[in-house]
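**Student:** Below is the file model11.tsv, which contains TSV, C-alpha atoms.
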chain	number	residue	atom	x	y	z
Q	1	MET	CA	221.90	167.58	80.44
Q	2	GLU	CA	221.57	165.49	83.57
Q	3	MET	CA	220.89	161.84	82.81
Q	4	GLY	CA	218.77	161.56	85.93
Q	5	ASP	CA	216.23	164.28	85.03
Q	6	ALA	CA	212.70	162.98	85.59
Q	7	SER	CA	211.20	164.76	82.59
Q	8	MET	CA	212.41	166.37	79.40
Q	9	GLY	CA	211.00	168.84	76.88
Q	10	CYS	CA	210.81	168.44	73.15
Q	11	GLU	CA	214.14	170.24	72.76
Q	12	ASP	CA	215.83	167.62	74.94
Q	13	VAL	CA	214.25	164.76	72.98
Q	14	ALA	CA	215.43	166.41	69.77
Q	15	ALA	CA	218.94	166.64	71.22
Q	16	LEU	CA	218.88	162.93	72.01
Q	17	ALA	CA	217.73	162.04	68.49
Q	18	SER	CA	220.41	164.24	66.95
Q	19	ARG	CA	223.08	162.74	69.17
Q	20	LEU	CA	222.21	159.24	67.98
Q	21	VAL	CA	222.83	160.21	64.35
Q	22	GLU	CA	225.89	162.41	64.71
Q	23	ARG	CA	228.08	162.25	61.62
Q	24	GLY	CA	229.91	158.95	61.40
Q	25	HIS	CA	227.85	157.32	64.16
Q	26	GLY	CA	225.07	154.76	64.31
Q	27	VAL	CA	223.20	152.40	66.60
Q	28	LEU	CA	223.85	148.82	67.66
Q	29	ALA	CA	220.62	146.80	67.67
Q	30	SER	CA	221.03	144.21	70.43
Q	31	ASP	CA	217.41	143.97	71.54
Q	32	GLU	CA	216.74	140.38	70.52
Q	33	SER	CA	214.23	138.64	72.76
Q	34	PRO	CA	215.54	135.86	75.01
Q	35	THR	CA	213.84	133.33	72.70
Q	36	THR	CA	215.43	134.72	69.55
Q	37	LEU	CA	218.88	135.01	71.10
Q	38	ASP	CA	218.65	131.52	72.60
Q	39	ARG	CA	217.92	130.07	69.17
Q	40	ARG	CA	220.88	131.93	67.69
Q	41	LEU	CA	223.22	130.85	70.49
Q	42	SER	CA	221.99	127.29	70.31
Q	43	THR	CA	222.63	127.18	66.56
Q	44	ARG	CA	226.17	128.57	66.88
Q	45	LEU	CA	227.26	127.29	70.28
Q	46	GLY	CA	224.93	124.48	71.28
Q	47	GLU	CA	224.13	126.51	74.42
Q	48	ARG	CA	221.23	128.61	75.57
Q	49	GLY	CA	219.89	130.24	78.73
Q	50	THR	CA	220.17	133.38	80.82
Q	51	GLU	CA	223.84	133.03	81.70
Q	52	VAL	CA	225.14	132.48	78.17
Q	53	ARG	CA	222.97	135.38	76.99
Q	54	ARG	CA	224.52	137.56	79.70
Q	55	ARG	CA	228.05	136.52	78.75
Q	56	PHE	CA	227.50	137.25	75.06
Q	57	ARG	CA	225.96	140.63	75.85
Q	58	ASP	CA	229.01	141.36	77.98
Q	59	VAL	CA	231.28	140.77	74.98
Q	60	LEU	CA	229.35	143.42	73.06
Q	61	TYR	CA	228.99	146.03	75.80
Q	62	ALA	CA	232.55	145.65	77.10
Q	63	SER	CA	233.83	146.53	73.62
Q	64	LYS	CA	234.94	150.10	72.95
Q	65	LEU	CA	231.80	150.91	71.04
Q	66	GLY	CA	231.77	154.59	71.87
Q	67	GLY	CA	235.16	155.09	70.25
Q	68	SER	CA	234.19	153.02	67.22
Q	69	GLY	CA	231.26	155.01	65.90
Q	70	VAL	CA	228.41	153.65	68.03
Q	71	SER	CA	226.29	156.40	69.56
Q	72	GLY	CA	223.54	154.21	71.00
Q	73	ALA	CA	222.65	150.59	71.70
Q	74	ILE	CA	219.14	149.17	71.74
Q	75	LEU	CA	218.80	146.67	74.59
Q	76	HIS	CA	216.11	144.17	75.47
Q	77	GLU	CA	214.52	144.90	78.85
Q	78	GLU	CA	216.26	141.79	80.22
Q	79	SER	CA	219.67	143.40	79.69
Q	80	TYR	CA	218.82	146.28	82.03
Q	81	ASP	CA	218.94	143.81	84.90
Q	82	MET	CA	222.24	142.25	83.82
Q	83	ALA	CA	225.82	143.10	84.78
Q	84	ASP	CA	229.34	142.03	83.87
Q	85	GLY	CA	231.45	139.65	85.93
Q	86	ASP	CA	232.47	142.49	88.24
Q	87	GLY	CA	228.88	143.46	88.93
Q	88	ILE	CA	228.88	146.60	86.76
Q	89	PRO	CA	225.45	146.94	85.12
Q	90	PHE	CA	225.51	146.85	81.34
Q	91	VAL	CA	223.64	150.15	81.14
Q	92	ASP	CA	226.37	151.81	83.21
Q	93	LYS	CA	229.10	150.37	80.98
Q	94	LEU	CA	227.40	151.99	77.99
Q	95	HIS	CA	226.82	155.34	79.70
Q	96	HIS	CA	230.47	155.45	80.82
Q	97	GLN	CA	231.72	155.27	77.23
Q	98	GLY	CA	229.21	157.78	75.90
Q	99	VAL	CA	226.84	155.26	74.33
Q	100	LEU	CA	223.17	156.03	74.93
Q	101	PRO	CA	221.18	153.00	76.08
Q	102	GLY	CA	217.87	152.40	74.34
Q	103	VAL	CA	215.14	149.80	74.79
Q	104	LYS	CA	212.76	147.81	72.61
Q	105	LEU	CA	209.24	148.63	73.80
Q	106	ASP	CA	206.91	146.74	71.46
Q	107	ARG	CA	205.60	143.40	72.65
Q	108	GLY	CA	205.88	141.56	69.36
Q	109	LEU	CA	203.32	140.84	66.66
Q	110	ALA	CA	199.64	139.93	66.73
Q	111	HIS	CA	197.41	138.73	63.91
Q	112	LEU	CA	195.78	141.59	62.02
Q	113	HIS	CA	192.11	140.72	61.70
Q	114	GLY	CA	190.76	141.65	58.29
Q	115	GLY	CA	194.17	141.84	56.69
Q	116	LYS	CA	195.86	139.53	54.22
Q	117	GLN	CA	197.03	136.12	55.36
Q	118	GLY	CA	200.07	136.51	57.60
Q	119	GLU	CA	199.64	140.24	58.16
Q	120	THR	CA	200.32	141.49	61.67
Q	121	VAL	CA	200.12	144.51	63.94
Q	122	SER	CA	202.59	145.23	66.72
Q	123	ARG	CA	201.45	145.00	70.34
Q	124	GLY	CA	202.28	146.81	73.57
Q	125	LEU	CA	200.40	150.11	73.80
Q	126	ASP	CA	198.63	149.11	77.02
Q	127	GLY	CA	200.61	150.49	79.93
Q	128	LEU	CA	203.24	151.97	77.63
Q	129	ASP	CA	203.47	155.22	79.57
Q	130	LEU	CA	204.33	153.37	82.78
Q	131	ARG	CA	206.88	151.17	81.00
Q	132	CYS	CA	208.53	154.26	79.48
Q	133	GLU	CA	208.84	155.80	82.93
Q	134	ALA	CA	210.25	152.59	84.40
Q	135	MET	CA	212.81	152.10	81.64
Q	136	ARG	CA	213.94	155.72	81.76
Q	137	GLU	CA	214.47	155.32	85.49
Q	138	LYS	CA	216.69	152.34	84.66
Q	139	GLY	CA	218.77	154.44	82.28
Q	140	ALA	CA	217.11	154.20	78.85
Q	141	ARG	CA	217.29	157.40	76.82
Q	142	PHE	CA	215.61	156.29	73.63
Q	143	ALA	CA	213.34	153.48	72.48
Q	144	LYS	CA	212.46	151.40	69.46
Q	145	TRP	CA	209.16	149.98	68.24
Q	146	ARG	CA	208.97	147.61	65.28
Q	147	SER	CA	206.08	146.80	63.00
Q	148	ALA	CA	206.44	144.24	60.22
Q	149	LEU	CA	204.77	144.47	56.81
Q	150	GLY	CA	205.01	142.45	53.62
Q	151	HIS	CA	206.26	143.83	50.31
Q	152	GLN	CA	202.65	144.10	49.06
Q	153	PRO	CA	200.83	145.17	52.23
Q	154	SER	CA	197.10	145.77	52.41
Q	155	GLU	CA	195.87	149.28	53.07
Q	156	LEU	CA	194.56	148.05	56.43
Q	157	ALA	CA	198.01	146.82	57.45
Q	158	VAL	CA	199.68	150.06	56.38
Q	159	VAL	CA	197.20	152.31	58.20
Q	160	THR	CA	196.86	150.19	61.35
Q	161	ASN	CA	200.59	149.83	61.89
Q	162	ALA	CA	201.21	153.52	61.13
Q	163	SER	CA	198.69	154.46	63.82
Q	164	VAL	CA	200.28	152.18	66.42
Q	165	LEU	CA	203.78	153.46	65.63
Q	166	ALA	CA	202.63	157.07	65.98
Q	167	GLN	CA	200.90	156.43	69.30
Q	168	TYR	CA	204.05	154.81	70.64
Q	169	ALA	CA	206.19	157.73	69.45
Q	170	ALA	CA	203.91	160.29	71.08
Q	171	VAL	CA	203.99	158.50	74.45
Q	172	CYS	CA	207.74	158.01	74.20
Q	173	GLN	CA	208.43	161.70	73.59
Q	174	ALA	CA	206.06	162.72	76.39
Q	175	LYS	CA	208.10	160.56	78.76
Q	176	GLY	CA	211.43	162.07	77.70
Q	177	MET	CA	212.79	159.39	75.37
Q	178	ALA	CA	213.56	159.77	71.68
Q	179	PRO	CA	211.56	157.21	69.67
Q	180	ILE	CA	212.94	155.12	66.84
Q	181	VAL	CA	210.00	154.25	64.60
Q	182	GLU	CA	210.54	151.04	62.61
Q	183	PRO	CA	207.95	150.10	59.97
Q	184	GLU	CA	209.96	147.23	58.51
Q	185	VAL	CA	209.12	145.99	55.04
Q	186	LEU	CA	210.08	142.34	55.26
Q	187	LEU	CA	212.39	140.76	52.75
Q	188	ASP	CA	210.70	138.29	50.43
Q	189	PRO	CA	212.45	136.17	47.78
Q	190	ASN	CA	209.84	137.24	45.22
Q	191	ALA	CA	210.19	141.00	45.81
Q	192	THR	CA	211.84	143.17	43.17
Q	193	VAL	CA	213.78	146.31	44.06
Q	194	GLY	CA	210.77	148.26	42.78
Q	195	ASP	CA	208.41	146.29	45.02
Q	196	MET	CA	210.52	147.08	48.08
Q	197	ALA	CA	210.78	150.77	47.18
Q	198	GLU	CA	207.06	151.15	46.56
Q	199	ALA	CA	206.08	149.31	49.74
Q	200	THR	CA	208.47	151.48	51.73
Q	201	ARG	CA	207.09	154.62	50.09
Q	202	ARG	CA	203.53	153.70	51.07
Q	203	VAL	CA	204.44	152.67	54.60
Q	204	VAL	CA	206.64	155.68	55.39
Q	205	ALA	CA	204.22	158.19	53.87
Q	206	GLU	CA	201.34	156.85	55.98
Q	207	THR	CA	203.49	156.68	59.09
Q	208	VAL	CA	204.49	160.33	58.70
Q	209	VAL	CA	200.82	161.32	58.36
Q	210	HIS	CA	200.02	159.59	61.66
Q	211	LEU	CA	203.08	161.01	63.42
Q	212	HIS	CA	201.83	164.49	62.58
Q	213	ARG	CA	198.30	163.56	63.59
Q	214	HIS	CA	199.49	162.50	67.05
Q	215	GLY	CA	201.58	165.62	67.56
Q	216	VAL	CA	204.96	163.90	67.37
Q	217	SER	CA	207.88	166.32	67.03
Q	218	MET	CA	209.72	165.44	63.83
Q	219	GLU	CA	212.95	166.85	65.27
Q	220	GLY	CA	212.81	164.26	68.04
Q	221	VAL	CA	212.05	161.09	66.08
Q	222	LEU	CA	214.18	158.72	64.00
Q	223	LEU	CA	213.01	156.32	61.30
Q	224	LYS	CA	214.44	152.83	61.02
Q	225	LEU	CA	213.86	151.40	57.56
Q	226	GLN	CA	214.70	148.60	55.19
Q	227	MET	CA	216.87	149.42	52.19
Q	228	ALA	CA	215.27	148.69	48.81
Q	229	VAL	CA	217.07	145.34	48.69
Q	230	PRO	CA	215.40	142.85	46.32
Q	231	GLY	CA	214.65	139.23	47.12
Q	232	LYS	CA	216.95	136.41	46.09
Q	233	ARG	CA	215.00	135.74	42.89
Q	234	HIS	CA	215.36	139.32	41.68
Q	235	GLY	CA	218.88	140.61	42.05
Q	236	ALA	CA	219.70	144.22	41.27
Q	237	PRO	CA	222.94	146.20	40.94
Q	238	ARG	CA	223.95	148.07	44.09
Q	239	ASP	CA	223.61	151.43	42.38
Q	240	VAL	CA	220.00	150.67	41.46
Q	241	MET	CA	219.24	149.70	45.06
Q	242	ALA	CA	220.82	152.97	46.25
Q	243	GLN	CA	218.87	155.02	43.69
Q	244	GLN	CA	215.54	153.45	44.63
Q	245	THR	CA	216.23	153.77	48.35
Q	246	LEU	CA	217.25	157.41	48.18
Q	247	ARG	CA	214.40	158.33	45.83
Q	248	THR	CA	211.88	156.80	48.24
Q	249	LEU	CA	213.31	158.69	51.20
Q	250	ARG	CA	213.29	162.00	49.32
Q	251	GLN	CA	209.63	161.44	48.48
Q	252	THR	CA	208.49	160.64	52.01
Q	253	VAL	CA	210.79	161.65	54.89
Q	254	PRO	CA	210.34	165.21	56.21
Q	255	PRO	CA	213.54	167.26	56.22
Q	256	ASP	CA	213.27	168.02	59.94
Q	257	VAL	CA	213.69	164.33	60.86
Q	258	PRO	CA	217.32	164.11	62.09
Q	259	GLY	CA	218.13	160.75	60.61
Q	260	VAL	CA	217.20	157.51	58.91
Q	261	LEU	CA	218.65	154.36	60.43
Q	262	PHE	CA	218.86	151.36	58.12
Q	263	LEU	CA	218.38	147.82	59.37
Q	264	SER	CA	220.56	145.09	57.92
Q	265	GLY	CA	217.52	142.90	57.31
Q	266	GLY	CA	218.99	139.55	56.29
Q	267	GLN	CA	221.98	140.99	54.42
Q	268	GLY	CA	225.46	139.69	55.06
Q	269	GLU	CA	227.80	141.80	57.18
Q	270	ASP	CA	229.86	143.00	54.23
Q	271	GLU	CA	226.81	143.48	52.00
Q	272	ALA	CA	225.04	145.69	54.55
Q	273	THR	CA	228.11	147.90	54.89
Q	274	ALA	CA	228.62	148.18	51.12
Q	275	ASN	CA	224.96	149.07	50.60
Q	276	LEU	CA	225.03	151.75	53.31
Q	277	ASN	CA	228.19	153.18	51.77
Q	278	ALA	CA	226.60	153.26	48.31
Q	279	ILE	CA	223.51	155.09	49.55
Q	280	ASN	CA	225.62	157.75	51.25
Q	281	GLN	CA	227.89	158.18	48.25
Q	282	LEU	CA	224.89	158.62	45.96
Q	283	ALA	CA	223.34	161.16	48.32
Q	284	GLN	CA	226.56	163.18	48.31
Q	285	GLU	CA	226.75	163.02	44.51
Q	286	THR	CA	223.15	164.18	44.00
Q	287	GLY	CA	222.73	167.21	46.20
Q	288	GLY	CA	223.00	165.72	49.66
Q	289	ALA	CA	220.28	164.74	52.13
Q	290	PRO	CA	218.68	166.71	54.97
Q	291	TRP	CA	218.87	163.72	57.30
Q	292	ALA	CA	221.71	161.46	58.38
Q	293	LEU	CA	221.77	158.09	56.61
Q	294	THR	CA	223.28	155.63	59.03
Q	295	PHE	CA	222.96	152.19	60.58
Q	296	SER	CA	221.02	150.39	63.25
Q	297	PHE	CA	222.33	146.92	62.51
Q	298	GLY	CA	221.80	143.79	64.56
Q	299	ARG	CA	223.31	140.62	63.17
Q	300	ALA	CA	225.51	142.60	60.78
Q	301	LEU	CA	227.32	143.91	63.87
Q	302	GLN	CA	227.21	140.66	65.83
Q	303	ALA	CA	227.53	137.56	63.65
Q	304	SER	CA	231.33	137.55	63.32
Q	305	VAL	CA	231.63	138.50	66.99
Q	306	LEU	CA	229.65	135.42	68.01
Q	307	GLN	CA	231.61	133.25	65.59
Q	308	LEU	CA	234.91	134.33	67.15
Q	309	TRP	CA	233.73	134.16	70.76
Q	310	LYS	CA	232.38	130.60	70.50
Q	311	GLY	CA	231.13	130.80	74.10
Q	312	ASP	CA	234.72	130.74	75.40
Q	313	ASP	CA	235.82	133.82	77.36
Q	314	GLU	CA	239.43	133.18	76.37
Q	315	ASN	CA	238.27	134.39	72.96
Q	316	LYS	CA	236.65	137.51	74.41
Q	317	PRO	CA	239.45	139.98	73.47
Q	318	LYS	CA	239.43	139.06	69.78
Q	319	ALA	CA	235.62	138.98	69.74
Q	320	MET	CA	235.57	142.47	71.25
Q	321	ALA	CA	238.10	143.65	68.66
Q	322	MET	CA	235.78	142.32	65.96
Q	323	ALA	CA	232.81	144.21	67.44
Q	324	GLU	CA	234.85	147.41	67.29
Q	325	ALA	CA	236.06	146.73	63.74
Q	326	LEU	CA	232.54	146.06	62.45
Q	327	ALA	CA	231.32	149.27	64.09
Q	328	ARG	CA	234.15	151.29	62.55
Q	329	ALA	CA	233.45	149.89	59.09
Q	330	ASN	CA	229.81	150.94	59.26
Q	331	ALA	CA	230.68	154.31	60.78
Q	332	GLU	CA	232.83	154.93	57.70
Q	333	ALA	CA	230.00	153.74	55.44
Q	334	ALA	CA	227.66	156.22	57.15
Q	335	THR	CA	229.84	158.98	55.65
Q	336	GLY	CA	230.31	157.24	52.29
Q	337	ARG	CA	234.00	156.69	52.99
Q	338	PHE	CA	234.27	152.94	53.48
Q	339	GLU	CA	237.01	151.52	51.29
Q	340	GLY	CA	237.59	148.10	52.83
Q	341	PRO	CA	238.67	145.49	53.37
Q	342	HIS	CA	235.69	144.43	55.44
Q	343	PRO	CA	236.52	142.80	58.80
Q	344	SER	CA	233.77	140.16	58.57
Q	345	ILE	CA	234.90	136.55	58.79
Q	346	LEU	CA	231.53	135.46	57.41
Q	347	ALA	CA	231.77	137.05	53.97
Q	348	ASP	CA	230.54	133.85	52.35
Q	349	GLU	CA	227.38	133.95	54.47
Q	350	VAL	CA	225.72	136.62	52.38
Q	351	ASP	CA	222.32	135.88	53.89
Q	352	LEU	CA	221.85	136.28	57.65
Q	353	HIS	CA	218.13	135.56	57.32
Q	354	GLU	CA	216.61	133.89	60.37
Q	355	THR	CA	213.21	132.30	59.93
Q	356	PHE	CA	212.26	133.08	63.52
Q	357	ARG	CA	212.83	136.83	63.05
Q	358	GLY	CA	209.51	137.42	61.29
Q	359	HIS	CA	210.47	137.68	57.64
Q	360	HIS	CA	207.42	137.69	55.39
Q	361	GLN	CA	206.97	133.98	54.74
Q	362	ASP	CA	207.59	133.20	58.39
Q	363	ALA	CA	205.41	135.85	60.03
Q	364	LEU	CA	202.67	133.38	60.88
Q	365	THR	CA	205.18	130.94	62.34
Q	366	GLU	CA	206.63	133.66	64.56
Q	367	LEU	CA	203.13	134.67	65.60
Q	368	GLN	CA	202.21	131.13	66.58
Q	369	THR	CA	205.53	130.66	68.44
Q	370	LYS	CA	205.03	133.82	70.48
Q	371	GLY	CA	201.37	133.15	71.06
Could you write out this file's structure as structure tokens?
**Tutor:**
Amino acid sequence: MEMGDASMGCEDVAALASRLVERGHGVLASDESPTTLDRRLSTRLGERGTEVRRRFRDVLYASKLGGSGVSGAILHEESYDMADGDGIPFVDKLHHQGVLPGVKLDRGLAHLHGGKQGETVSRGLDGLDLRCEAMREKGARFAKWRSALGHQPSELAVVTNASVLAQYAAVCQAKGMAPIVEPEVLLDPNATVGDMAEATRRVVAETVVHLHRHGVSMEGVLLKLQMAVPGKRHGAPRDVMAQQTLRTLRQTVPPDVPGVLFLSGGQGEDEATANLNAINQLAQETGGAPWALTFSFGRALQASVLQLWKGDDENKPKAMAMAEALARANAEAATGRFEGPHPSILADEVDLHETFRGHHQDALTELQTKG
């Protein structure tokens, strides 16, 4: 398949989706907006701005991700115009090591009129076809679109976001990119494991209905979902989380979908890996699964890297080694074979929750910040 082809059929989109979830492989989510990444860098380094964002991205993309179990990397549009210190574009660095570049295409969250307080709908459908064409010309081969819902969403929120996600997926496939569809159920301290499982069941079931309605090829789409992880006030054993997660997927995800990508969603680096491993082990013990169960982690693949780098390029080699080690750990977990020890240096930071990332109680704040 030529990367420069102007258009692709459904079979090609299906091949892209399958490639992203090859056994023992997953996706690096590095599509944070400049605002989100600046806040993170400012908190850790006391620095922010385009250049420090570029340098941190370079640490990630210069790492040997392709040989460490990373099949794709979701980039923010800004990163497509960035290059390393030698002038090599980031997208080329990824292509050269066999990592498919992807792109976040939603434009953030807007208030959902008529919904519950704080409920949102994702934006960005206007002009989406032209943006897909432009980003594919720049090297993107898949895309991601995120909606955010609470653990007790209204029917209006479920249906409205499912419709938007399906419209995005249909446009994306028509333009030759494999869509990752992400109806995220936001972590809430008051949510039980049952609450998270039921909300996910409702959201995924409705999303699948709309995907079919809009003619989306199931073989060429991936779902990115939250695990049934309970809130802080309602802990649950890992095996219960795995049981609830897998049961929900078996009830809702069509067998012709190539894979389910889990987000790390506020979990610590080691916790996210252990949970992914547990889900895969349970699937293998109970008859298997028709889809790959793998990762599309953001902070759980980056937090220790940033901690080691500290904004100092003398630390770049060990930060890159950490990026590779974290990827390998999760690649093993995607086959249910992770045994440890975990490479994270932030094991005590079991919660990587960021209030500006749109978790349930902060959705309105994020909305107001983004305008």
**Student:** Please identify all polymer residues lying at most 6 Å from the point (221.7, 145.0, 75.0) (file coordinates), using only C-alpha atoms, and present the result as a ChimeraX atom specification.
**Tutor:** /Q:30-31,74-76,79
**Student:** At a cut-off of 12 Å from (208.8, 147.7, 82.8) in the coordinates of the file, what residues are picked up using only C-alpha atoms, written as a ChimeraX atom specification?
**Tutor:** /Q:76-78,80-81,103-107,124,126-138,140
**Student:** Measure the distance from atom CA of Glu51 of chain Q to atom CA of Gly298 of chain Q in Å and round it to one decimal.
**Tutor:**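 Spanning atom CA of Glu51 of chain Q to atom CA of Gly298 of chain Q is a straight-line distance of 20.3 Å.
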**Student:** Sort by chain and increasing residue number a table of all residues of segment 24-78 of chain Q within 10 Å of segment 84-96 of chain Q, each with its closest pair of atoms and their distance in Å to one decimal, counting only C-alpha atoms, and write it as a tab-separated table.
**Tutor:**
residue	atom	partner	partner_atom	distance
Q:Arg54	CA	Q:Asp84	CA	7.8
Q:Arg55	CA	Q:Asp84	CA	7.6
Q:Arg57	CA	Q:Phe90	CA	8.3
Q:Asp58	CA	Q:Asp84	CA	5.9
Q:Val59	CA	Q:Asp84	CA	9.2
Q:Leu60	CA	Q:Phe90	CA	9.8
Q:Tyr61	CA	Q:Leu94	CA	6.5
Q:Ala62	CA	Q:Lys93	CA	7.0
Q:Ser63	CA	Q:Leu94	CA	9.5
Q:Lys64	CA	Q:Leu94	CA	9.3
Q:Leu65	CA	Q:Leu94	CA	8.3
Q:Gly66	CA	Q:Leu94	CA	8.0
Q:Ser71	CA	Q:Leu94	CA	9.6
Q:Gly72	CA	Q:Leu94	CA	8.3
Q:Ala73	CA	Q:Leu94	CA	8.0
Q:Leu75	CA	Q:Val91	CA	8.9
**Student:** Compare Q:Pro34, Q:Pro101, Q:Gly69, Q:Gly215 by their minimum atom-to-atom distance to Thr294 of chain Q, counting all atoms listed in the file, and give me the closest one.
**Tutor:**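 Residue with the minimum atom-to-atom distance to Thr294 of chain Q: Q:Gly69.
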**Student:** Using only C-alpha atoms, pick whichever of Q:Phe56, Q:Gly220, Q:Ala174, Q:Gly340 has the shortest atom-to-atom distance to Asp312 of chain Q.
**Tutor:**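 Looking at the shortest contact to Asp312 of chain Q, the residue is Q:Phe56.
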**Student:** Atom CA of Ala148 of chain Q and atom CA of Ala283 of chain Q are how many Å apart?
**Tutor:**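 Distance between the two atoms: 26.7 Å.
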